[in-house]
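J.: This is query33.tsv (TSV, C-alpha atoms).
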chain	number	residue	atom	x	y	z
A	1	MET	CA	25.08	207.07	49.01
A	2	LYS	CA	26.60	209.41	51.58
A	3	GLY	CA	30.02	207.76	51.24
A	4	GLU	CA	29.88	208.20	47.48
A	5	LYS	CA	29.00	211.89	47.87
A	6	GLU	CA	31.85	212.38	50.35
A	7	GLU	CA	34.21	210.74	47.85
A	8	ARG	CA	33.40	213.36	45.21
A	9	ARG	CA	34.21	216.25	47.54
A	10	LEU	CA	37.31	218.16	46.57
A	11	TRP	CA	39.05	221.32	47.60
A	12	LEU	CA	38.73	224.39	45.40
A	13	PRO	CA	41.27	227.20	45.81
A	14	ILE	CA	39.81	230.71	45.70
A	15	GLN	CA	41.44	234.10	45.72
A	16	THR	CA	40.18	237.36	47.07
A	17	ILE	CA	41.72	240.81	47.05
A	18	TYR	CA	42.99	243.36	49.55
A	19	ASN	CA	43.63	240.87	52.35
A	20	LYS	CA	39.94	240.04	52.74
A	21	GLU	CA	40.48	236.35	53.51
A	22	LEU	CA	39.14	236.62	57.07
A	23	GLN	CA	36.01	238.50	55.92
A	24	VAL	CA	35.48	235.92	53.15
A	25	ALA	CA	35.90	233.19	55.78
A	26	GLU	CA	33.15	234.79	57.85
A	27	PHE	CA	30.88	234.89	54.78
A	28	LEU	CA	31.62	231.20	54.07
A	29	ARG	CA	30.92	230.30	57.71
A	30	GLU	CA	27.53	232.09	57.50
A	31	GLN	CA	26.77	230.10	54.32
A	32	GLU	CA	27.82	226.88	56.14
A	33	ILE	CA	30.56	226.23	53.57
A	34	GLU	CA	33.60	224.35	54.84
A	35	TYR	CA	36.85	226.21	54.15
A	36	TYR	CA	40.51	226.28	55.11
A	37	ILE	CA	42.88	229.20	55.49
A	38	PRO	CA	46.57	228.42	56.19
A	39	MET	CA	47.45	230.35	59.34
A	40	MET	CA	50.65	231.19	61.22
A	41	TYR	CA	51.65	232.96	64.40
A	42	GLU	CA	53.03	236.46	64.04
A	43	ALA	CA	54.70	238.47	66.80
A	44	ARG	CA	53.07	241.84	67.44
A	45	ASP	CA	54.26	244.57	69.76
A	46	LEU	CA	51.78	245.79	72.35
A	47	PRO	CA	51.64	249.43	73.49
A	48	SER	CA	52.98	248.20	76.85
A	49	GLY	CA	56.22	247.14	75.12
A	50	GLU	CA	55.44	243.45	75.47
A	51	CYS	CA	55.03	241.07	72.55
A	52	GLU	CA	52.09	238.80	71.78
A	53	HIS	CA	51.69	236.03	69.21
A	54	VAL	CA	48.64	236.47	66.99
A	55	LEU	CA	47.21	233.94	64.53
A	56	VAL	CA	47.11	235.51	61.03
A	57	PRO	CA	46.64	234.21	57.48
A	58	ALA	CA	49.92	232.79	56.20
A	59	ILE	CA	49.10	233.32	52.51
A	60	HIS	CA	47.28	236.53	51.75
A	61	ASN	CA	44.18	236.36	49.56
A	62	LEU	CA	44.04	232.54	49.33
A	63	LEU	CA	41.41	230.19	50.80
A	64	PHE	CA	40.26	226.67	50.03
A	65	ILE	CA	36.63	225.55	49.85
A	66	HIS	CA	35.66	221.92	50.53
A	67	ARG	CA	32.75	220.58	48.48
A	68	GLU	CA	31.66	218.77	45.34
A	69	TYR	CA	32.87	220.32	42.12
A	70	ASP	CA	29.93	222.04	40.44
A	71	LYS	CA	30.75	224.90	38.11
A	72	ASP	CA	27.22	226.35	38.36
A	73	TRP	CA	27.46	226.44	42.17
A	74	CYS	CA	30.86	228.15	41.88
A	75	TYR	CA	29.38	230.79	39.61
A	76	LYS	CA	26.50	231.41	42.04
A	77	LEU	CA	28.95	231.80	44.93
A	78	LEU	CA	30.89	234.41	42.96
A	79	GLN	CA	27.63	236.31	42.36
A	80	THR	CA	26.43	236.21	45.99
A	81	SER	CA	29.70	236.97	47.75
A	82	PRO	CA	29.92	240.49	49.18
A	83	TYR	CA	33.67	240.37	48.43
A	84	PRO	CA	35.44	239.84	45.12
A	85	LEU	CA	36.28	236.13	44.70
A	86	TYR	CA	38.06	234.25	41.95
A	87	PHE	CA	38.25	230.50	41.54
A	88	LEU	CA	41.71	229.52	40.32
A	89	LYS	CA	41.73	227.93	36.88
A	90	ARG	CA	43.41	224.62	36.01
A	91	GLU	CA	45.04	226.26	33.01
A	92	ARG	CA	45.62	229.95	32.49
A	93	ASN	CA	43.21	230.25	29.54
A	94	GLY	CA	41.09	227.21	30.45
A	95	ARG	CA	37.47	227.11	31.51
A	96	GLU	CA	37.69	224.51	34.30
A	97	TYR	CA	38.52	225.46	37.86
A	98	CYS	CA	41.47	224.00	39.74
A	99	THR	CA	40.66	221.17	42.15
A	100	ILE	CA	42.75	219.57	44.90
A	101	SER	CA	42.22	216.01	46.09
A	102	GLU	CA	41.44	215.13	49.71
A	103	LYS	CA	44.83	213.42	50.04
A	104	GLU	CA	46.81	216.41	48.72
A	105	MET	CA	44.88	218.85	50.87
A	106	ASP	CA	45.23	216.72	54.01
A	107	ASN	CA	48.99	216.66	53.40
A	108	PHE	CA	49.03	220.47	52.95
A	109	MET	CA	46.84	221.10	56.00
A	110	ARG	CA	49.07	218.98	58.22
A	111	ALA	CA	52.16	220.74	56.84
A	112	THR	CA	50.69	224.19	57.48
A	113	ASP	CA	49.58	223.57	61.06
A	114	PRO	CA	50.45	226.88	62.78
A	115	ARG	CA	51.94	224.99	65.75
A	116	ILE	CA	54.78	223.78	63.51
A	117	GLN	CA	57.57	226.32	63.68
A	118	GLY	CA	59.88	227.15	60.82
A	119	THR	CA	57.37	226.81	57.96
A	120	ARG	CA	57.87	229.34	55.17
A	121	PHE	CA	55.44	230.24	52.41
A	122	ILE	CA	56.83	231.31	49.05
A	123	ASP	CA	55.70	231.88	45.49
A	124	PRO	CA	55.99	228.58	43.53
A	125	GLN	CA	57.76	230.47	40.73
A	126	LYS	CA	60.81	230.83	42.99
A	127	LEU	CA	61.23	227.03	42.87
A	128	LYS	CA	60.51	226.65	39.15
A	129	ASP	CA	64.10	225.76	38.21
A	130	LYS	CA	64.99	223.85	41.37
A	131	GLU	CA	65.27	220.07	41.40
A	132	GLY	CA	63.61	218.17	44.20
A	133	MET	CA	63.34	214.52	45.18
A	134	PRO	CA	59.95	213.12	46.23
A	135	VAL	CA	60.09	212.17	49.92
A	136	ARG	CA	57.98	211.17	52.90
A	137	ILE	CA	58.93	212.36	56.39
A	138	ILE	CA	59.65	209.32	58.57
A	139	LYS	CA	60.74	211.04	61.80
A	140	LYS	CA	58.12	210.45	64.49
A	141	GLY	CA	56.27	213.60	65.39
A	142	PRO	CA	53.73	216.04	63.92
A	143	LEU	CA	55.33	215.93	60.44
A	144	PHE	CA	55.38	212.12	60.21
A	145	GLY	CA	53.96	210.90	56.89
A	146	ILE	CA	53.88	214.28	55.14
A	147	THR	CA	55.01	214.00	51.52
A	148	GLY	CA	56.65	216.60	49.31
A	149	LYS	CA	59.87	217.31	47.50
A	150	LEU	CA	63.15	217.55	49.38
A	151	MET	CA	65.19	220.49	48.13
A	152	ARG	CA	67.70	223.07	49.18
A	153	TYR	CA	66.50	226.63	49.32
A	154	GLY	CA	69.01	229.14	50.52
A	155	SER	CA	71.38	227.15	52.69
A	156	ARG	CA	68.80	224.82	54.26
A	157	HIS	CA	66.94	221.63	53.42
A	158	TYR	CA	63.16	221.88	53.09
A	159	VAL	CA	60.30	219.63	52.15
A	160	ALA	CA	58.26	221.64	49.64
A	161	ILE	CA	54.50	221.10	49.46
A	162	GLU	CA	53.25	222.86	46.35
A	163	MET	CA	49.75	224.25	45.96
A	164	PRO	CA	48.24	226.74	43.54
A	165	GLN	CA	49.60	230.22	44.28
A	166	SER	CA	51.86	229.12	47.16
A	167	THR	CA	54.39	226.57	48.35
A	168	ALA	CA	54.90	225.62	51.98
A	169	LEU	CA	58.52	224.92	52.92
A	170	LEU	CA	59.05	222.76	56.00
A	171	LYS	CA	62.49	223.05	57.52
A	172	VAL	CA	63.76	219.49	57.98
A	173	SER	CA	66.92	217.44	58.16
A	174	TYR	CA	67.39	215.20	55.14
A	175	THR	CA	67.83	212.33	57.64
A	176	TRP	CA	64.12	212.67	58.50
A	177	CYS	CA	63.09	211.66	54.98
A	178	GLU	CA	62.79	208.54	52.89
A	179	PHE	CA	62.75	208.79	49.12
A	180	VAL	CA	59.56	207.65	47.40
A	181	SER	CA	58.52	207.25	43.78
A	182	GLU	CA	56.06	209.79	42.45
Would you put the structure from the file into structure tokens?
T.:
Amino acid sequence: MKGEKEERRLWLPIQTIYNKELQVAEFLREQEIEYYIPMMYEARDLPSGECEHVLVPAIHNLLFIHREYDKDWCYKLLQTSPYPLYFLKRERNGREYCTISEKEMDNFMRATDPRIQGTRFIDPQKLKDKEGMPVRIIKKGPLFGITGKLMRYGSRHYVAIEMPQSTALLKVSYTWCEFVSE
């Protein structure tokens, strides 16, 4: 039974406002709800003139909750949260919330590991008219096996991993990729 329950677990993207993702994360931790926030290192100047690297949310106002999809539970969470939360919808005027499979989320989490340098996060609308080829990264290393769409953005090649409200762009050489069917 436990394996079957684990199989039904999905990732649910939620939004908050006013850069409250870390406070929402603390609330979720207190409720023992598994979550994920894409993070990145940011350079900050210290009063001493030195620079330190601090881990900060990479995509403001976006978190992902890991659990079974249950619309009633989602509604209760919205009611009990001390911060404004919004579950992203599958369709703009639809009633069902957006869900992300384990496989897609694992791919995204590996791609957004803050130790990987050169990752950019952009609004998916910026790529709306761009063509991309489905690829898998075959170069040995931390990106090995990640799938996405190979495309040019600016003057560089990237593998784009699209999620609701954000796209992660991994800077890669096209020689690191093999084309796959969707």
J.: In Å to one decimal, how far is atom CA of A:Leu170 from atom CA of A:Asp106?
T.: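 One can read the atom CA of A:Asp106 to atom CA of A:Leu170 distance as 15.2 Å.
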J.: Report, in Å with one decimal, the straight-line distance from atom CA of A:Ala160 to atom CA of A:Pro57.
T.: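 Taking atom CA of A:Ala160 as the start and atom CA of A:Pro57 as the end point, the length is 18.8 Å.
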J.: Smallest atom-to-atom distance to A:Glu21: which of A:His53, A:His60, A:Arg8, A:Arg67, using all atoms listed in the file?
T.: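 Distance minimum relative to A:Glu21 lands on A:His60.
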J.: Restricting the calculation to all atoms listed in the file: of A:Arg95, A:Arg120, A:Arg9, A:Arg90, which residue gets closest to A:Met39?
T.: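 Between A:Arg95, A:Arg120, A:Arg9, A:Arg90, the residue approaching A:Met39 most closely is A:Arg120.
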J.: Show which residues sit within 7 Å of A:Val56, as a PyMOL selection string. Count all atoms listed in the file, and ignore same-chain residues fewer than 5 positions away.
T.: chain A and resi 39-42
J.: Could you tell me how far atom CA of A:Val180 lies from atom CA of A:Leu143, in Å and to one decimal?
T.: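 About the pair atom CA of A:Val180 and atom CA of A:Leu143: they are 16.0 Å apart.
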J.: Return the single residue from A:Leu85, A:Cys74, A:Ile137, A:Leu22 that is closest to A:Tyr97, with distances computed using all atoms listed in the file.
T.: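 Looking at the shortest contact to A:Tyr97, the residue is A:Cys74.
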J.: Env of A:Leu88: 8 Å cut, atoms = all atoms listed in the file, seq-sep filter 2 positions within chain, self excluded. Answer as a ChimeraX atom specification.
T.: /A:12-15,86,90,97-98,164
J.: From the options A:Cys177, A:Leu28, A:Leu169, A:Ile161, which residue's atoms come nearest to A:Ile138, counting only C-alpha atoms?
T.: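 Using only C-alpha atoms, A:Ile138 sits closest to A:Cys177.
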J.: Mind checking which residues fall within 12 Å of A:Leu127, counting only C-alpha atoms, ignoring those fewer than 6 positions away in the same chain, and posting them as a PyMOL selection string?
T.: chain A and resi 121+149-154+158-162+166-169
J.: Could you tell me which of A:Lys20, A:Gly118, A:Ser155, A:Tyr174 comes closest to A:Tyr83 if we count all atoms listed in the file?
T.: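 Of all the options, A:Lys20 lies closest to A:Tyr83.
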J.: With all atoms listed in the file as the counted atoms, please give the residues lying no more than 12 Å from A:Val24, apart from itself and same-chain residues fewer than 4 positions off, as a ChimeraX atom specification.
T.: /A:14-20,28-31,33-37,60-65,77-78,80-86
J.: Go through A:Gln165, A:Ser181, A:Thr175, A:Ser48 and flag the residue nearest A:Pro124, using only C-alpha atoms for the distances.
T.: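 That would be A:Gln165, the residue with the smallest distance to A:Pro124.
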J.: Set the distance at 12 Å and use only C-alpha atoms: which residues neighbour A:Gly141 once local chain neighbours fewer than 4 positions away are removed? I'd like the list as a compact mmCIF listing (two decimals) with C-alpha atoms, in the frame of the given file.
T.:
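Output file out_15.txt is given in full below:
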# COMPACT_ATOMS: atom_id res chain seq x y z
CA ARG A 110 49.07 218.98 58.22
CA ALA A 111 52.16 220.74 56.84
CA ILE A 116 54.78 223.78 63.51
CA ILE A 137 58.93 212.36 56.39
CA GLY A 145 53.96 210.90 56.89
CA ILE A 146 53.88 214.28 55.14
CA TRP A 176 64.12 212.67 58.50
